[in-house]
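Here is the file target30.txt (compact mmCIF, C-alpha atoms).
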# COMPACT_ATOMS: atom_id res chain seq x y z
CA MET A 15 -2.07 6.46 -22.61
CA THR A 16 0.75 3.92 -22.57
CA THR A 17 2.32 2.48 -19.44
CA SER A 18 5.48 4.51 -20.00
CA GLU A 19 3.49 7.74 -20.46
CA SER A 20 1.45 7.13 -17.30
CA GLY A 21 4.48 6.18 -15.24
CA VAL A 22 2.81 3.00 -14.04
CA HIS A 23 5.31 0.26 -13.23
CA PRO A 24 4.99 -2.50 -15.90
CA ARG A 25 4.35 -5.23 -13.29
CA PHE A 26 1.60 -3.12 -11.72
CA ALA A 27 0.10 -2.39 -15.18
CA GLU A 28 -0.05 -6.17 -15.77
CA ALA A 29 -1.78 -6.66 -12.42
CA LEU A 30 -4.34 -3.98 -13.27
CA ALA A 31 -5.07 -5.70 -16.59
CA GLU A 32 -5.37 -9.14 -14.94
CA LEU A 33 -7.81 -7.72 -12.39
CA GLY A 34 -9.86 -6.00 -15.09
CA LEU A 35 -8.87 -2.57 -13.75
CA ASP A 36 -7.71 -1.03 -17.03
CA ASP A 37 -9.67 2.12 -16.12
CA VAL A 38 -7.16 2.81 -13.32
CA THR A 39 -4.18 3.50 -15.60
CA PRO A 40 -5.59 6.77 -17.03
CA ARG A 41 -6.19 8.00 -13.47
CA VAL A 42 -2.59 7.42 -12.34
CA ARG A 43 -0.89 10.67 -11.44
CA ARG A 44 2.83 11.03 -12.05
CA PHE A 45 4.80 13.72 -10.24
CA PRO A 46 8.22 15.20 -11.04
CA ASP A 47 9.23 14.92 -7.38
CA ALA A 48 9.13 11.72 -5.39
CA THR A 49 6.05 10.76 -3.40
CA ARG A 50 7.91 8.16 -1.31
CA THR A 51 6.35 9.21 1.96
CA ALA A 52 2.68 9.61 2.79
CA ALA A 53 3.27 13.30 3.49
CA GLU A 54 4.93 13.83 0.09
CA ALA A 55 2.10 11.97 -1.66
CA ALA A 56 -0.63 13.90 0.17
CA ALA A 57 1.03 17.22 -0.65
CA ALA A 58 1.41 16.28 -4.32
CA VAL A 59 -2.16 15.02 -4.67
CA GLY A 60 -3.67 17.75 -2.51
CA CYS A 61 -5.51 15.41 -0.18
CA GLU A 62 -5.58 14.68 3.54
CA LEU A 63 -2.67 12.64 4.88
CA SER A 64 -5.10 9.93 6.02
CA GLN A 65 -6.29 9.51 2.40
CA ILE A 66 -2.93 8.02 1.46
CA CYS A 67 -2.80 4.22 1.62
CA LYS A 68 0.65 3.10 2.74
CA SER A 69 1.72 -0.40 1.62
CA LEU A 70 4.15 -1.57 4.29
CA ILE A 71 5.99 -4.88 4.40
CA PHE A 72 6.74 -6.49 7.75
CA ALA A 73 8.36 -9.80 8.63
CA ALA A 74 6.22 -12.00 10.87
CA ASP A 75 8.47 -14.78 12.12
CA GLY A 76 10.55 -14.11 9.01
CA VAL A 77 7.61 -14.30 6.57
CA PRO A 78 6.72 -11.13 4.62
CA VAL A 79 3.29 -9.64 5.40
CA LEU A 80 1.73 -6.59 3.75
CA VAL A 81 -0.03 -4.06 5.97
CA LEU A 82 -2.18 -1.39 4.33
CA MET A 83 -2.40 1.65 6.60
CA ASP A 84 -3.73 5.17 6.26
CA GLY A 85 -1.02 7.78 5.82
CA ALA A 86 -1.69 9.60 9.08
CA SER A 87 -1.30 6.52 11.28
CA ARG A 88 1.47 4.23 12.43
CA VAL A 89 1.32 0.45 12.57
CA ASP A 90 1.25 -1.11 16.04
CA LEU A 91 3.59 -4.09 15.70
CA GLU A 92 2.13 -5.77 18.78
CA ARG A 93 -1.35 -5.65 17.26
CA VAL A 94 0.00 -7.10 14.01
CA ARG A 95 1.77 -9.84 15.97
CA GLU A 96 -1.44 -10.69 17.82
CA GLU A 97 -3.50 -10.63 14.61
CA LEU A 98 -1.09 -13.04 12.93
CA GLY A 99 -0.38 -15.20 15.96
CA ALA A 100 3.32 -14.62 15.34
CA GLU A 101 6.18 -14.75 17.82
CA LYS A 102 7.91 -11.67 16.41
CA VAL A 103 7.04 -8.94 13.90
CA THR A 104 9.59 -6.48 12.56
CA ARG A 105 9.74 -3.97 9.73
CA ALA A 106 11.18 -5.72 6.67
CA LYS A 107 14.52 -4.57 5.28
CA ALA A 108 14.64 -2.98 1.82
CA ASP A 109 15.97 -6.12 0.11
CA VAL A 110 13.15 -8.23 1.59
CA VAL A 111 10.57 -5.67 0.42
CA ARG A 112 11.96 -5.73 -3.12
CA GLU A 113 12.23 -9.53 -3.17
CA ALA A 114 8.67 -10.07 -1.89
CA THR A 115 6.96 -7.34 -3.90
CA GLY A 116 9.17 -6.56 -6.87
CA TYR A 117 9.05 -2.86 -5.96
CA ALA A 118 11.26 -0.44 -4.06
CA ILE A 119 10.19 1.08 -0.74
CA GLY A 120 8.24 4.24 -1.46
CA GLY A 121 6.59 2.79 -4.55
CA VAL A 122 5.03 -0.45 -3.29
CA PRO A 123 1.43 -0.72 -4.53
CA PRO A 124 -1.26 -2.55 -2.55
CA PHE A 125 -1.42 -5.41 -5.08
CA GLY A 126 0.45 -6.73 -8.13
CA HIS A 127 3.38 -8.12 -6.15
CA ARG A 128 5.98 -10.65 -7.25
CA THR A 129 4.91 -13.10 -4.53
CA LYS A 130 1.62 -13.69 -2.73
CA THR A 131 1.70 -12.45 0.85
CA ARG A 132 -0.83 -12.23 3.61
CA VAL A 133 -2.47 -8.77 3.62
CA LEU A 134 -3.84 -6.92 6.63
CA ALA A 135 -5.75 -3.71 5.92
CA ASP A 136 -6.44 -1.29 8.74
CA ARG A 137 -10.09 -0.25 9.03
CA SER A 138 -9.05 3.41 9.10
CA LEU A 139 -8.81 3.26 5.31
CA LEU A 140 -12.61 2.95 5.20
CA ASP A 141 -13.00 6.44 6.72
CA HIS A 142 -12.70 7.91 3.21
CA ASP A 143 -14.62 7.58 -0.05
CA LEU A 144 -11.34 7.58 -1.98
CA VAL A 145 -7.73 6.78 -1.08
CA TRP A 146 -4.50 7.18 -3.02
CA ALA A 147 -1.85 4.44 -3.24
CA ALA A 148 1.50 3.96 -4.97
CA ALA A 149 1.37 2.73 -8.57
CA GLY A 150 4.68 0.86 -8.43
CA THR A 151 7.13 3.77 -8.43
CA PRO A 152 8.04 6.53 -5.95
CA TYR A 153 6.62 9.07 -8.46
CA THR A 154 3.17 7.65 -9.16
CA VAL A 155 -0.10 7.23 -7.27
CA PHE A 156 -3.61 6.16 -8.18
CA PRO A 157 -7.04 6.73 -6.60
CA MET A 158 -9.43 3.95 -5.61
CA GLU A 159 -12.40 3.37 -3.36
CA PRO A 160 -10.95 1.76 -0.19
CA LYS A 161 -13.22 -1.31 -0.11
CA THR A 162 -12.31 -2.04 -3.73
CA LEU A 163 -8.61 -1.57 -3.01
CA VAL A 164 -8.72 -3.90 0.01
CA ALA A 165 -10.66 -6.51 -1.98
CA HIS A 166 -8.17 -6.48 -4.88
CA ALA A 167 -5.29 -6.71 -2.41
CA GLY A 168 -6.92 -9.75 -0.79
CA GLY A 169 -6.80 -7.94 2.51
CA THR A 170 -8.39 -8.81 5.82
CA LEU A 171 -9.82 -5.79 7.65
CA VAL A 172 -8.20 -5.39 11.07
CA ASP A 173 -7.42 -2.76 13.69
CA VAL A 174 -3.63 -2.54 13.79
CA ARG A 175 -2.89 1.17 14.04
CA GLU A 176 -1.21 2.68 17.06
CA GLN A 177 -3.67 4.22 19.46
CA PRO A 178 -3.01 7.60 21.03
CA VAL A 179 -1.64 7.35 24.54
Re-express the file's structure as structure tokens.
Amino acid sequence: MTTSESGVHPRFAEALAELGLDDVTPRVRRFPDATRTAAEAAAAVGCELSQICKSLIFAADGVPVLVLMDGASRVDLERVREELGAEKVTRAKADVVREATGYAIGGVPPFGHRTKTRVLADRSLLDHDLVWAAAGTPYTVFPMEPKTLVAHAGGTLVDVREQPV
């Protein structure tokens, strides 16, 4: 299956090849409707919302940081700030996301970005044997074992999800 047939973004396909993950491309699932949100992706795949791995870009004192979070949870910005020792953490604007990663919001994969960023991965991802993440477009996702995904992303395991009040 070629990159264009699978729907994998060319930059992400290159990253998979560089990481020796050529076996991932045939497992990419392409959908006719967008899977921009975790809920859309979970519905399309037919999995639990928490099995979706969201790749979210934040700005920590103006520097892009990638946070990998399960689809059912929200990121606690204060916990991210504390983890990074930053003064201020905000959600990055769309142009910053595209500049840092090379991908549009809704299609950002957990690795294969244009620039190297610090990566925080919430431990909640490890609650599953398999998670699904974006494959570089808002229409494609791929499955991977969470520990493998975090390792290839260069992520540090942390607890940064919002806690119920």
Problem - Nearest-residue call for A:Val122, choices A:Leu63, A:Val22, A:Ala31, A:Val103, using all atoms listed in the file - result: A:Val22
Sel. within 12 Å of pt (1.1, -11.6, 15.6), counting all atoms listed in the file, output as a PDB file with C-alpha atoms, in the coordinates of the input:
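So result_30.pdb came out as:
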ATOM      1  CA  PHE A  72       6.740  -6.490   7.750  1.00  0.00           C
ATOM      2  CA  ALA A  73       8.360  -9.800   8.630  1.00  0.00           C
ATOM      3  CA  ALA A  74       6.220 -12.000  10.870  1.00  0.00           C
ATOM      4  CA  ASP A  75       8.470 -14.780  12.120  1.00  0.00           C
ATOM      5  CA  GLY A  76      10.550 -14.110   9.010  1.00  0.00           C
ATOM      6  CA  VAL A  77       7.610 -14.300   6.570  1.00  0.00           C
ATOM      7  CA  VAL A  79       3.290  -9.640   5.400  1.00  0.00           C
ATOM      8  CA  ASP A  90       1.250  -1.110  16.040  1.00  0.00           C
ATOM      9  CA  LEU A  91       3.590  -4.090  15.700  1.00  0.00           C
ATOM     10  CA  GLU A  92       2.130  -5.770  18.780  1.00  0.00           C
ATOM     11  CA  ARG A  93      -1.350  -5.650  17.260  1.00  0.00           C
ATOM     12  CA  VAL A  94       0.000  -7.100  14.010  1.00  0.00           C
ATOM     13  CA  ARG A  95       1.770  -9.840  15.970  1.00  0.00           C
ATOM     14  CA  GLU A  96      -1.440 -10.690  17.820  1.00  0.00           C
ATOM     15  CA  GLU A  97      -3.500 -10.630  14.610  1.00  0.00           C
ATOM     16  CA  LEU A  98      -1.090 -13.040  12.930  1.00  0.00           C
ATOM     17  CA  GLY A  99      -0.380 -15.200  15.960  1.00  0.00           C
ATOM     18  CA  ALA A 100       3.320 -14.620  15.340  1.00  0.00           C
ATOM     19  CA  GLU A 101       6.180 -14.750  17.820  1.00  0.00           C
ATOM     20  CA  LYS A 102       7.910 -11.670  16.410  1.00  0.00           C
ATOM     21  CA  VAL A 103       7.040  -8.940  13.900  1.00  0.00           C
ATOM     22  CA  THR A 104       9.590  -6.480  12.560  1.00  0.00           C
ATOM     23  CA  LEU A 134      -3.840  -6.920   6.630  1.00  0.00           C
ATOM     24  CA  VAL A 174      -3.630  -2.540  13.790  1.00  0.00           C
TER      25      VAL A 174
END
Practice task
Could you tell me which of A:Asp84, A:Glu54, A:Asp36, A:Asp141 comes closest to A:Cys67 if we count all atoms listed in the file?
Solution key: A:Asp84
Practice task
Name the residues in contact with stretch 151-157 of chain A at a cut-off of 7 Å, using only C-alpha atoms, excluding same-chain residues fewer than 4 positions from it; report them as number ranges by chain.
Solution key: A: 21-23, 41-50, 120-122, 144-147
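Minimum atom-to-atom distances from A:Ala55, A:Leu82, A:Ile119, A:Leu70 to A:Ala165 were compared using all atoms listed in the file, and the lowest value belongs to A:Leu82.
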Completion exercise
For A:Thr129, the closest of A:Val38, A:Leu80, A:Ser69, A:Val164 counting all atoms listed in the file is A:Leu80
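Between atom CA of A:Leu140 and atom CA of A:Ala86 the interatomic distance comes to 13.4 Å.
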Handout entry: Atom-to-atom span, atom CA of A:Leu171 and atom CA of A:Val110, Å
Key = 23.9 Å
Please rebuild stretch 77-88 of chain A with all heavy atoms and return the result as a PDB file, keeping the file's coordinate frame.
ATOM      1  N   VAL A  77       8.443 -14.208   7.767  1.00  0.00           N
ATOM      2  CA  VAL A  77       7.610 -14.300   6.570  1.00  0.00           C
ATOM      3  C   VAL A  77       7.047 -12.919   6.233  1.00  0.00           C
ATOM      4  O   VAL A  77       6.440 -12.278   7.099  1.00  0.00           O
ATOM      5  CB  VAL A  77       6.452 -15.306   6.778  1.00  0.00           C
ATOM      6  CG1 VAL A  77       5.550 -15.362   5.558  1.00  0.00           C
ATOM      7  CG2 VAL A  77       6.994 -16.685   7.122  1.00  0.00           C
ATOM      8  N   PRO A  78       7.231 -12.454   4.990  1.00  0.00           N
ATOM      9  CA  PRO A  78       6.720 -11.130   4.620  1.00  0.00           C
ATOM     10  C   PRO A  78       5.187 -11.055   4.725  1.00  0.00           C
ATOM     11  O   PRO A  78       4.476 -11.987   4.352  1.00  0.00           O
ATOM     12  CB  PRO A  78       7.157 -10.958   3.168  1.00  0.00           C
ATOM     13  CG  PRO A  78       8.299 -11.897   2.994  1.00  0.00           C
ATOM     14  CD  PRO A  78       7.987 -13.066   3.894  1.00  0.00           C
ATOM     15  N   VAL A  79       4.718  -9.929   5.252  1.00  0.00           N
ATOM     16  CA  VAL A  79       3.290  -9.640   5.400  1.00  0.00           C
ATOM     17  C   VAL A  79       3.093  -8.196   4.965  1.00  0.00           C
ATOM     18  O   VAL A  79       3.885  -7.325   5.331  1.00  0.00           O
ATOM     19  CB  VAL A  79       2.828  -9.796   6.868  1.00  0.00           C
ATOM     20  CG1 VAL A  79       1.390  -9.344   7.041  1.00  0.00           C
ATOM     21  CG2 VAL A  79       3.007 -11.221   7.337  1.00  0.00           C
ATOM     22  N   LEU A  80       2.050  -7.942   4.181  1.00  0.00           N
ATOM     23  CA  LEU A  80       1.730  -6.590   3.750  1.00  0.00           C
ATOM     24  C   LEU A  80       0.685  -5.996   4.677  1.00  0.00           C
ATOM     25  O   LEU A  80      -0.337  -6.629   4.955  1.00  0.00           O
ATOM     26  CB  LEU A  80       1.183  -6.613   2.319  1.00  0.00           C
ATOM     27  CG  LEU A  80       0.647  -5.300   1.758  1.00  0.00           C
ATOM     28  CD1 LEU A  80       1.752  -4.260   1.628  1.00  0.00           C
ATOM     29  CD2 LEU A  80      -0.034  -5.541   0.420  1.00  0.00           C
ATOM     30  N   VAL A  81       0.948  -4.784   5.165  1.00  0.00           N
ATOM     31  CA  VAL A  81      -0.030  -4.060   5.970  1.00  0.00           C
ATOM     32  C   VAL A  81      -0.387  -2.781   5.217  1.00  0.00           C
ATOM     33  O   VAL A  81       0.488  -2.004   4.862  1.00  0.00           O
ATOM     34  CB  VAL A  81       0.505  -3.719   7.376  1.00  0.00           C
ATOM     35  CG1 VAL A  81      -0.512  -2.873   8.146  1.00  0.00           C
ATOM     36  CG2 VAL A  81       0.830  -4.999   8.154  1.00  0.00           C
ATOM     37  N   LEU A  82      -1.679  -2.603   4.960  1.00  0.00           N
ATOM     38  CA  LEU A  82      -2.180  -1.390   4.330  1.00  0.00           C
ATOM     39  C   LEU A  82      -2.673  -0.475   5.446  1.00  0.00           C
ATOM     40  O   LEU A  82      -3.535  -0.862   6.235  1.00  0.00           O
ATOM     41  CB  LEU A  82      -3.319  -1.722   3.365  1.00  0.00           C
ATOM     42  CG  LEU A  82      -2.973  -2.710   2.251  1.00  0.00           C
ATOM     43  CD1 LEU A  82      -4.201  -3.023   1.416  1.00  0.00           C
ATOM     44  CD2 LEU A  82      -1.838  -2.176   1.391  1.00  0.00           C
ATOM     45  N   MET A  83      -2.110   0.729   5.498  1.00  0.00           N
ATOM     46  CA  MET A  83      -2.400   1.650   6.600  1.00  0.00           C
ATOM     47  C   MET A  83      -2.618   3.051   6.052  1.00  0.00           C
ATOM     48  O   MET A  83      -1.969   3.449   5.089  1.00  0.00           O
ATOM     49  CB  MET A  83      -1.203   1.660   7.569  1.00  0.00           C
ATOM     50  CG  MET A  83      -1.315   2.613   8.734  1.00  0.00           C
ATOM     51  SD  MET A  83      -2.719   2.310   9.821  1.00  0.00           S
ATOM     52  CE  MET A  83      -2.244   0.765  10.583  1.00  0.00           C
ATOM     53  N   ASP A  84      -3.517   3.793   6.691  1.00  0.00           N
ATOM     54  CA  ASP A  84      -3.730   5.170   6.260  1.00  0.00           C
ATOM     55  C   ASP A  84      -2.468   5.987   6.558  1.00  0.00           C
ATOM     56  O   ASP A  84      -1.717   5.689   7.486  1.00  0.00           O
ATOM     57  CB  ASP A  84      -4.968   5.778   6.927  1.00  0.00           C
ATOM     58  CG  ASP A  84      -4.718   6.223   8.354  1.00  0.00           C
ATOM     59  OD1 ASP A  84      -4.190   7.334   8.536  1.00  0.00           O
ATOM     60  OD2 ASP A  84      -5.047   5.472   9.281  1.00  0.00           O
ATOM     61  N   GLY A  85      -2.246   7.004   5.756  1.00  0.00           N
ATOM     62  CA  GLY A  85      -1.020   7.780   5.820  1.00  0.00           C
ATOM     63  C   GLY A  85      -0.785   8.569   7.084  1.00  0.00           C
ATOM     64  O   GLY A  85       0.340   8.959   7.373  1.00  0.00           O
ATOM     65  N   ALA A  86      -1.837   8.811   7.860  1.00  0.00           N
ATOM     66  CA  ALA A  86      -1.690   9.600   9.080  1.00  0.00           C
ATOM     67  C   ALA A  86      -1.400   8.740  10.302  1.00  0.00           C
ATOM     68  O   ALA A  86      -1.124   9.264  11.379  1.00  0.00           O
ATOM     69  CB  ALA A  86      -2.958  10.424   9.327  1.00  0.00           C
ATOM     70  N   SER A  87      -1.446   7.422  10.132  1.00  0.00           N
ATOM     71  CA  SER A  87      -1.300   6.520  11.280  1.00  0.00           C
ATOM     72  C   SER A  87      -0.037   5.686  11.190  1.00  0.00           C
ATOM     73  O   SER A  87       0.552   5.525  10.126  1.00  0.00           O
ATOM     74  CB  SER A  87      -2.512   5.588  11.368  1.00  0.00           C
ATOM     75  OG  SER A  87      -3.699   6.325  11.532  1.00  0.00           O
ATOM     76  N   ARG A  88       0.331   5.148  12.338  1.00  0.00           N
ATOM     77  CA  ARG A  88       1.470   4.230  12.430  1.00  0.00           C
ATOM     78  C   ARG A  88       0.954   2.841  12.761  1.00  0.00           C
ATOM     79  O   ARG A  88      -0.063   2.687  13.427  1.00  0.00           O
ATOM     80  CB  ARG A  88       2.447   4.696  13.510  1.00  0.00           C
ATOM     81  CG  ARG A  88       3.124   6.021  13.175  1.00  0.00           C
ATOM     82  CD  ARG A  88       4.030   6.503  14.290  1.00  0.00           C
ATOM     83  NE  ARG A  88       4.968   5.498  14.748  1.00  0.00           N
ATOM     84  CZ  ARG A  88       6.227   5.372  14.324  1.00  0.00           C
ATOM     85  NH1 ARG A  88       6.706   6.206  13.437  1.00  0.00           N
ATOM     86  NH2 ARG A  88       7.010   4.440  14.803  1.00  0.00           N
TER      87      ARG A  88
END
